[in-house]
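So this block is coords.txt, compact mmCIF, C-alpha atoms:
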# COMPACT_ATOMS: atom_id res chain seq x y z
CA GLU A 1 0.10 39.00 -8.91
CA VAL A 2 -2.58 36.29 -8.59
CA GLY A 3 -2.29 35.41 -4.88
CA LEU A 4 -2.22 31.91 -3.43
CA ALA A 5 -5.71 30.98 -4.67
CA GLY A 6 -4.90 32.17 -8.18
CA TYR A 7 -1.54 30.39 -8.13
CA ALA A 8 -3.23 27.14 -7.07
CA LYS A 9 -5.83 27.58 -9.80
CA LEU A 10 -3.09 27.91 -12.43
CA LEU A 11 -1.43 24.71 -11.22
CA TYR A 12 -4.69 22.76 -11.12
CA GLU A 13 -5.67 23.89 -14.61
CA ASP A 14 -2.24 22.98 -15.96
CA ALA A 15 -2.47 19.49 -14.43
CA GLY A 16 -6.13 18.98 -15.36
CA ILE A 17 -7.25 18.39 -11.75
CA VAL A 18 -11.05 18.55 -11.60
CA CYS A 19 -11.78 17.35 -8.05
CA SER A 20 -10.01 16.96 -4.70
CA VAL A 21 -10.88 14.33 -2.08
CA MET A 22 -9.77 15.89 1.21
CA ASP A 23 -9.37 14.31 4.65
CA SER A 24 -8.31 17.37 6.65
CA ASN A 25 -10.01 17.97 9.99
CA LEU A 26 -10.97 21.53 9.04
CA PRO A 27 -14.55 22.71 9.72
CA ILE A 28 -16.84 22.28 6.73
CA ASN A 29 -16.94 26.02 5.98
CA ASP A 30 -13.33 26.90 6.82
CA PRO A 31 -12.13 29.63 4.40
CA ILE A 32 -8.84 27.78 3.96
CA LEU A 33 -10.75 25.25 1.86
CA ASP A 34 -11.51 27.99 -0.65
CA LEU A 35 -7.83 28.06 -1.57
CA THR A 36 -8.18 24.63 -3.21
CA PRO A 37 -9.56 25.10 -6.73
CA GLY A 38 -12.44 23.17 -8.23
CA LYS A 39 -14.80 20.67 -6.67
CA LYS A 40 -13.90 19.48 -3.16
CA ILE A 41 -15.30 16.43 -1.40
CA ARG A 42 -14.47 15.44 2.15
CA LEU A 43 -13.57 12.33 4.12
CA LEU A 44 -14.40 12.25 7.83
CA GLN A 45 -11.34 11.52 9.96
CA MET A 46 -12.25 8.87 12.50
CA ASP A 47 -9.63 9.66 15.15
CA PRO A 48 -10.58 13.22 16.24
CA LEU A 49 -14.27 12.35 16.64
CA LEU A 50 -13.47 9.17 18.55
CA GLY A 51 -11.04 10.99 20.87
CA LYS A 52 -13.57 13.71 21.66
CA LEU A 53 -16.31 11.20 22.47
CA LEU A 54 -14.01 9.07 24.63
CA GLU A 55 -13.49 12.12 26.85
CA SER A 56 -17.15 13.10 27.10
CA CYS A 57 -19.01 9.75 27.20
CA GLY A 58 -19.63 7.45 30.15
CA SER A 59 -19.92 4.13 28.33
CA TYR A 60 -19.02 2.44 25.08
CA ALA A 61 -22.68 2.29 24.09
CA GLU A 62 -22.94 6.06 24.51
CA LEU A 63 -19.69 6.59 22.59
CA LEU A 64 -20.79 4.41 19.68
CA LYS A 65 -24.17 6.10 19.51
CA GLY A 66 -22.48 9.50 19.41
CA PHE A 67 -19.92 8.37 16.85
CA GLN A 68 -22.50 6.94 14.49
CA ALA A 69 -24.68 10.02 14.87
CA GLY A 70 -21.66 12.14 13.95
CA VAL A 71 -20.98 9.96 10.92
CA GLU A 72 -24.60 10.10 9.78
CA LYS A 73 -24.65 13.89 10.08
CA ALA A 74 -21.37 14.16 8.13
CA ILE A 75 -22.64 11.93 5.32
CA ARG A 76 -26.27 13.01 5.06
CA GLN A 77 -26.09 16.70 5.99
CA ASP A 78 -22.53 17.93 5.52
CA GLY A 79 -21.75 16.20 2.22
CA PHE A 80 -18.88 13.99 3.36
CA VAL A 81 -18.32 10.94 1.14
CA GLY A 82 -16.60 8.47 3.47
CA ILE A 83 -14.53 7.78 6.58
CA LYS A 84 -10.76 7.56 6.95
CA SER A 85 -9.27 5.28 9.62
CA HIS A 86 -5.75 4.68 10.95
CA LEU A 87 -6.54 1.18 12.20
CA GLY A 88 -3.14 -0.15 11.10
CA GLU A 89 -1.12 2.36 13.07
CA ARG A 90 -3.44 2.72 16.06
CA VAL A 91 -4.27 -0.95 16.58
CA GLY A 92 -2.68 -3.16 13.91
CA PHE A 93 -4.53 -4.76 11.01
CA GLY A 94 -3.87 -8.23 12.43
CA ALA A 95 -5.53 -7.54 15.78
CA ALA A 96 -8.48 -9.69 16.78
CA PRO A 97 -11.96 -8.32 16.05
CA VAL A 98 -13.66 -6.71 19.05
CA GLU A 99 -17.42 -6.69 19.53
CA ALA A 100 -19.56 -4.36 21.63
CA ASP A 101 -19.54 -6.42 24.85
CA GLU A 102 -15.74 -6.58 24.99
CA ALA A 103 -15.49 -2.89 24.12
CA GLU A 104 -17.88 -2.06 26.97
CA ARG A 105 -15.73 -3.98 29.43
CA SER A 106 -12.66 -2.08 28.21
CA PHE A 107 -14.26 1.35 28.24
CA SER A 108 -13.30 2.55 31.73
CA ALA A 109 -9.66 1.56 31.24
CA ALA A 110 -9.55 3.20 27.82
CA LYS A 111 -11.04 6.39 29.23
CA GLY A 112 -8.35 6.30 31.91
CA GLY A 113 -5.59 6.20 29.31
CA ASP A 114 -4.89 2.48 28.99
CA GLY A 115 -3.44 2.00 25.51
CA GLU A 116 -4.45 -1.63 25.06
CA ALA A 117 -8.02 -0.89 26.13
CA TYR A 118 -8.15 2.03 23.69
CA LYS A 119 -7.16 -0.34 20.87
CA LYS A 120 -10.19 -2.49 21.67
CA ILE A 121 -12.49 0.54 21.54
CA TYR A 122 -10.96 1.64 18.25
CA MET A 123 -11.35 -1.80 16.64
CA ALA A 124 -14.95 -2.15 17.81
CA VAL A 125 -15.88 1.26 16.39
CA VAL A 126 -14.22 0.41 13.05
CA LEU A 127 -16.20 -2.83 12.74
CA ALA A 128 -19.46 -1.09 13.66
CA SER A 129 -18.66 1.63 11.12
CA MET A 130 -18.17 -0.98 8.41
CA ILE A 131 -21.77 -2.07 8.97
CA GLN A 132 -23.01 1.54 9.08
CA ALA A 133 -21.18 2.13 5.80
CA GLN A 134 -23.48 -0.38 4.14
CA GLU A 135 -26.57 1.40 5.45
CA LEU A 136 -25.42 4.89 4.45
CA LYS A 137 -23.64 3.70 1.29
CA PHE A 138 -20.23 5.24 1.90
CA PRO A 139 -16.73 3.69 1.60
CA ILE A 140 -14.32 3.09 4.49
CA HIS A 141 -10.77 4.29 3.76
CA PHE A 142 -7.89 2.57 5.55
CA HIS A 143 -4.45 4.14 5.66
CA THR A 144 -2.24 1.20 4.61
CA GLY A 145 1.49 0.75 4.27
CA ILE A 146 4.25 2.53 6.13
CA THR A 147 3.70 6.06 4.84
CA GLY A 148 2.52 8.90 7.00
CA GLY A 149 3.75 7.98 10.48
CA LEU A 150 1.52 7.59 13.59
CA TRP A 151 3.46 4.47 14.63
CA ASN A 152 2.33 2.61 17.72
CA GLY A 153 3.58 -0.88 17.03
CA PRO A 154 5.57 -3.07 14.64
CA VAL A 155 5.89 -1.63 11.14
CA ALA A 156 4.41 -4.77 9.57
CA ASN A 157 1.07 -4.09 11.33
CA CYS A 158 0.09 -2.01 8.27
CA ASP A 159 0.52 -4.76 5.69
CA PRO A 160 -2.96 -4.84 4.08
CA PHE A 161 -2.84 -8.66 3.89
CA LEU A 162 -3.45 -8.62 7.65
CA LEU A 163 -6.96 -7.24 6.97
CA VAL A 164 -8.00 -10.38 5.10
CA PRO A 165 -9.56 -12.24 8.09
CA ILE A 166 -11.88 -9.27 8.68
CA LEU A 167 -12.67 -8.41 5.08
CA ARG A 168 -13.59 -11.99 4.20
CA GLN A 169 -16.31 -12.15 6.88
CA ASN A 170 -19.74 -12.40 5.28
CA ARG A 171 -21.08 -9.41 7.21
CA PHE A 172 -18.54 -7.10 5.54
CA LEU A 173 -18.70 -8.32 1.95
CA THR A 174 -20.84 -5.38 0.86
CA THR A 175 -18.77 -2.74 2.70
CA ARG A 176 -16.72 -0.80 0.16
CA VAL A 177 -13.11 -0.56 1.38
CA VAL A 178 -10.43 1.70 -0.10
CA LEU A 179 -6.79 0.83 0.65
CA LEU A 180 -5.06 4.21 0.74
CA HIS A 181 -1.40 4.64 -0.21
CA ALA A 182 -1.66 1.34 -2.13
CA GLY A 183 -0.27 -0.51 0.89
CA HIS A 184 3.24 0.69 0.01
CA PRO A 185 5.68 -1.07 0.14
CA TRP A 186 3.22 -3.99 0.07
CA SER A 187 1.55 -2.65 -3.06
CA GLU A 188 1.21 -6.08 -4.64
CA HIS A 189 -0.60 -7.24 -1.50
CA ALA A 190 -3.09 -4.38 -1.78
CA SER A 191 -3.52 -5.06 -5.49
CA MET A 192 -4.14 -8.76 -4.95
CA MET A 193 -6.78 -7.93 -2.35
CA ALA A 194 -8.60 -5.74 -4.86
CA HIS A 195 -8.31 -8.65 -7.30
CA THR A 196 -9.68 -11.14 -4.78
CA PHE A 197 -12.36 -9.18 -2.96
CA PRO A 198 -15.17 -7.50 -4.91
CA HIS A 199 -15.50 -4.80 -2.26
CA VAL A 200 -11.84 -3.61 -2.14
CA TRP A 201 -10.27 -0.72 -4.11
CA VAL A 202 -6.68 0.55 -4.30
CA ASP A 203 -5.87 4.26 -4.05
CA MET A 204 -2.45 5.42 -5.24
CA GLY A 205 -2.29 8.49 -2.97
CA TRP A 206 1.09 9.32 -1.41
CA THR A 207 2.83 6.70 -3.57
CA THR A 208 2.06 9.30 -6.25
CA PRO A 209 4.33 11.24 -6.45
CA TRP A 210 6.66 10.16 -3.64
CA THR A 211 7.95 6.89 -5.09
CA SER A 212 10.07 9.01 -7.44
CA GLN A 213 11.95 6.95 -10.02
CA ARG A 214 9.94 3.85 -9.09
CA ILE A 215 6.55 5.35 -9.93
CA VAL A 216 6.18 3.65 -13.32
CA GLU A 217 7.10 0.27 -11.84
CA LEU A 218 4.68 0.80 -8.96
CA TYR A 219 1.82 1.57 -11.33
CA ARG A 220 2.80 -1.43 -13.42
CA ASP A 221 2.63 -3.70 -10.34
CA VAL A 222 -0.83 -2.46 -9.36
CA ILE A 223 -2.23 -2.49 -12.90
CA ALA A 224 -0.93 -6.04 -13.33
CA LEU A 225 -2.99 -7.39 -10.42
CA ALA A 226 -5.85 -5.09 -9.44
CA PRO A 227 -9.01 -4.85 -11.56
CA LEU A 228 -8.57 -1.75 -13.69
CA SER A 229 -11.99 -0.50 -12.57
CA LYS A 230 -10.90 -0.47 -8.90
CA MET A 231 -7.72 1.63 -9.05
CA MET A 232 -7.73 5.36 -8.23
CA ILE A 233 -5.07 8.05 -8.04
CA GLY A 234 -4.33 10.58 -5.30
CA SER A 235 -1.53 12.66 -3.87
CA GLY A 236 -1.62 12.91 -0.08
CA GLY A 237 -1.03 16.59 -0.80
CA HIS A 238 -2.25 17.95 2.56
CA GLY A 239 -3.09 21.36 1.19
CA SER A 240 0.03 21.94 -0.91
CA PRO A 241 -1.03 22.74 -4.49
CA GLU A 242 2.43 21.90 -5.82
CA VAL A 243 2.12 18.33 -4.51
CA SER A 244 -1.28 17.86 -6.14
CA TRP A 245 0.08 19.29 -9.39
CA LEU A 246 3.13 17.01 -9.29
CA ALA A 247 1.01 13.97 -8.45
CA ALA A 248 -1.35 14.59 -11.38
CA LYS A 249 1.57 15.07 -13.76
CA THR A 250 3.48 11.99 -12.60
CA ALA A 251 0.35 9.82 -12.50
CA LYS A 252 -0.30 10.64 -16.15
CA ILE A 253 3.31 9.80 -17.01
CA ALA A 254 3.14 6.47 -15.18
CA VAL A 255 -0.21 5.43 -16.65
CA SER A 256 0.92 6.47 -20.13
CA GLU A 257 4.14 4.48 -19.87
CA VAL A 258 2.40 1.31 -18.72
CA MET A 259 -0.41 1.57 -21.28
CA THR A 260 2.01 2.36 -24.12
CA ASP A 261 4.03 -0.73 -23.23
CA ALA A 262 0.85 -2.83 -23.21
CA VAL A 263 -0.06 -1.62 -26.71
CA ARG A 264 3.49 -2.05 -28.02
CA ARG A 265 3.60 -5.64 -26.78
CA GLY A 266 0.25 -6.46 -28.32
CA LEU A 267 -1.41 -6.99 -24.93
CA MET A 268 -4.02 -4.27 -25.39
CA ALA A 269 -5.62 -2.38 -28.26
CA GLU A 270 -4.85 1.33 -28.37
CA ARG A 271 -8.50 2.34 -27.88
CA ASP A 272 -8.71 0.09 -24.81
CA ALA A 273 -5.49 1.54 -23.39
CA GLU A 274 -6.91 5.04 -23.73
CA ARG A 275 -10.13 3.97 -22.02
CA VAL A 276 -8.21 2.35 -19.15
CA GLY A 277 -6.12 5.49 -18.73
CA ARG A 278 -9.28 7.57 -18.33
CA MET A 279 -10.67 5.05 -15.86
CA ILE A 280 -7.62 5.18 -13.61
CA LEU A 281 -7.16 8.94 -13.80
CA HIS A 282 -10.80 9.95 -13.47
CA ASP A 283 -13.70 7.58 -14.13
CA ASN A 284 -13.16 5.10 -11.27
CA ALA A 285 -13.05 7.84 -8.63
CA ALA A 286 -16.00 9.62 -10.24
CA ARG A 287 -18.02 6.43 -9.91
CA MET A 288 -16.86 5.74 -6.34
CA TYR A 289 -17.79 9.21 -5.09
CA GLY A 290 -20.84 9.79 -7.25
CA LEU A 291 -19.39 12.77 -9.14

Could you take the file, read its structure, and then write that structure out as structure tokens?
Amino acid sequence: EVGLAGYAKLLYEDAGIVCSVMDSNLPINDPILDLTPGKKIRLLQMDPLLGKLLESCGSYAELLKGFQAGVEKAIRQDGFVGIKSHLGERVGFGAAPVEADEAERSFSAAKGGDGEAYKKIYMAVVLASMIQAQELKFPIHFHTGITGGLWNGPVANCDPFLLVPILRQNRFLTTRVVLLHAGHPWSEHASMMAHTFPHVWVDMGWTTPWTSQRIVELYRDVIALAPLSKMMIGSGGHGSPEVSWLAAKTAKIAVSEVMTDAVRRGLMAERDAERVGRMILHDNAARMYGL
């Protein structure tokens, strides 16, 4: 009998998983984290910190100062490697940008529970965080597509194309942005954004393994459009070692199928296909997170 930690270790070794990027809201030293084998790096969830500060602060300026101090501590002291935001579900990617003065005017209403005012606070904090991300050199991760729930508006609010007016602003062109869940079912939109914008990456989490029989086609769509150096895999496993194991296995199958087809059709040399496979499965993420 190996116990849960030993069982997880067996699965991770079998799948060749060497690192987990985790966005759980667990404390940094929570013993539950020890159940995940290998190296673990953390993303800071935006929503819990923002909610806590909205309750305790008396102004937007105070809230933003507290939020950015929390982010800086997470990145510089606690070893976190980025932020995760649910802008699409909470506000809508197509919402108008909100600056500090408008957020300040909306603060009292947001603190009192006004949903529309809260959206303005959320958007303003996201935009400020995109600037802070440049200073502290961490990537912003946006949950994109219609996976994962948290709905508070039309489903199409999470189409990553709706982020284009923000991402094309000059002030954000050096903010690294990761489109989580590959924008599914708008995966070609996410891929084209990575193709168009030098600061945008596509992460295949959740779509791997949950697109089932479509997983090879999904990988083919993303590989066809996104730069091969800006595509990463994931699972959305949420602490289930079986999901991480299955995602690693199916990702390798999908990448292998697409690369084998490219070689068979004369579109890519075999040595280049092998190199691209390593990039997608490991090297791109290792470079993004400084592993």

| note | Using all atoms listed in the file, the shortest atom-to-atom distance to Asp14 in chain A among A:Pro160, A:Pro241, A:Pro154, A:Gly94 belongs to A:Pro241

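Remark: for His86 in chain A, the closest of the candidate residues A:Ala69, A:Cys158, A:Ile280, A:Ala110 is A:Cys158 (distances computed over only C-alpha atoms).
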
| Distance query Val178 in chain A at most 10 Å, only C-alpha atoms, self and fewer than 6 positions along chain excluded, as number ranges by chain | A: 82-84, 139-144, 190, 194, 199-203, 230-232, 288

| query | Can you list, as number ranges by chain, every protein, DNA or RNA residue that comes within 9 Å of range 120-133 of chain A when you count all atoms listed in the file, leaving out same-chain residues fewer than 3 positions away? | reply | A: 46-47, 50, 60, 64, 67-68, 71-72, 82-83, 85, 87, 90-91, 95-100, 102-104, 106-107, 110, 115-117, 136-140, 166, 171-172, 174-177

Produce a file of the selected residues containing C-alpha atoms, as a tab-separated table (two decimals), keeping the file's coordinate frame.
chain	number	residue	atom	x	y	z
A	46	MET	CA	-12.25	8.87	12.50
A	47	ASP	CA	-9.63	9.66	15.15
A	50	LEU	CA	-13.47	9.17	18.55
A	60	TYR	CA	-19.02	2.44	25.08
A	64	LEU	CA	-20.79	4.41	19.68
A	67	PHE	CA	-19.92	8.37	16.85
A	68	GLN	CA	-22.50	6.94	14.49
A	71	VAL	CA	-20.98	9.96	10.92
A	72	GLU	CA	-24.60	10.10	9.78
A	82	GLY	CA	-16.60	8.47	3.47
A	83	ILE	CA	-14.53	7.78	6.58
A	85	SER	CA	-9.27	5.28	9.62
A	87	LEU	CA	-6.54	1.18	12.20
A	90	ARG	CA	-3.44	2.72	16.06
A	91	VAL	CA	-4.27	-0.95	16.58
A	95	ALA	CA	-5.53	-7.54	15.78
A	96	ALA	CA	-8.48	-9.69	16.78
A	97	PRO	CA	-11.96	-8.32	16.05
A	98	VAL	CA	-13.66	-6.71	19.05
A	99	GLU	CA	-17.42	-6.69	19.53
A	100	ALA	CA	-19.56	-4.36	21.63
A	102	GLU	CA	-15.74	-6.58	24.99
A	103	ALA	CA	-15.49	-2.89	24.12
A	104	GLU	CA	-17.88	-2.06	26.97
A	106	SER	CA	-12.66	-2.08	28.21
A	107	PHE	CA	-14.26	1.35	28.24
A	110	ALA	CA	-9.55	3.20	27.82
A	115	GLY	CA	-3.44	2.00	25.51
A	116	GLU	CA	-4.45	-1.63	25.06
A	117	ALA	CA	-8.02	-0.89	26.13
A	136	LEU	CA	-25.42	4.89	4.45
A	137	LYS	CA	-23.64	3.70	1.29
A	138	PHE	CA	-20.23	5.24	1.90
A	139	PRO	CA	-16.73	3.69	1.60
A	140	ILE	CA	-14.32	3.09	4.49
A	166	ILE	CA	-11.88	-9.27	8.68
A	171	ARG	CA	-21.08	-9.41	7.21
A	172	PHE	CA	-18.54	-7.10	5.54
A	174	THR	CA	-20.84	-5.38	0.86
A	175	THR	CA	-18.77	-2.74	2.70
A	176	ARG	CA	-16.72	-0.80	0.16
A	177	VAL	CA	-13.11	-0.56	1.38

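CA of Glu242 in chain A lies 10.5 Å from CA of Leu10 in chain A.
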
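Rounded to one decimal, CA of Met204 in chain A and CA of Leu180 in chain A lie 6.6 Å from each other.
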
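What separates CA of Phe197 in chain A from CA of Arg287 in chain A is a distance of 18.0 Å.
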
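Within 10 Å of the file-frame point (6.1, 6.8, -3.0), and using only C-alpha atoms, the polymer residues found are Thr147, His181, Ala182, His184, Pro185, Met204, Gly205, Trp206, Thr207, Thr208, Pro209, Trp210, Thr211, Ser212, Gln213, Arg214, Ile215, Leu218 and Ser235 of chain A.
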
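Residues surrounding range 253-263 of chain A within 7 Å are Ile215, Val216, Tyr219, Arg220, Met268, Ala269, Glu270, Ala273 and Gly277 of chain A [all atoms listed in the file; sequence separation below 5 positions excluded].
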
| note | In terms of only C-alpha atoms, the residue from A:Gly70, A:Pro31, A:Pro37, A:Gly112 at minimal distance from Ile17 in chain A is A:Pro37

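Minimum atom-to-atom distance to Arg275 in chain A, evaluated using all atoms listed in the file, belongs to A:Leu228 out of A:Val81, A:Val21, A:Leu43, A:Leu228.
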
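Counting only C-alpha atoms and comparing A:Cys19, A:Val2, A:Ile223, A:Leu179, the residue that lies closest to Val276 in chain A is A:Ile223.
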
| request: Find, counting all atoms listed in the file, the residue in A:Arg105, A:Lys119, A:Lys252, A:Lys52 that gets nearest to Leu281 in chain A. | output: A:Lys252

Around all the atoms of range 271-289 of chain A listed in the file, with 3 Å of room on each side, what axis-aligned box do you get, giving centre and edge lengths in Å to one decimal, as lines of an AutoDock Vina configuration file?
center_x = -11.8
center_y = 5.0
center_z = -16.5
size_x = 18.5
size_y = 15.9
size_z = 28.8
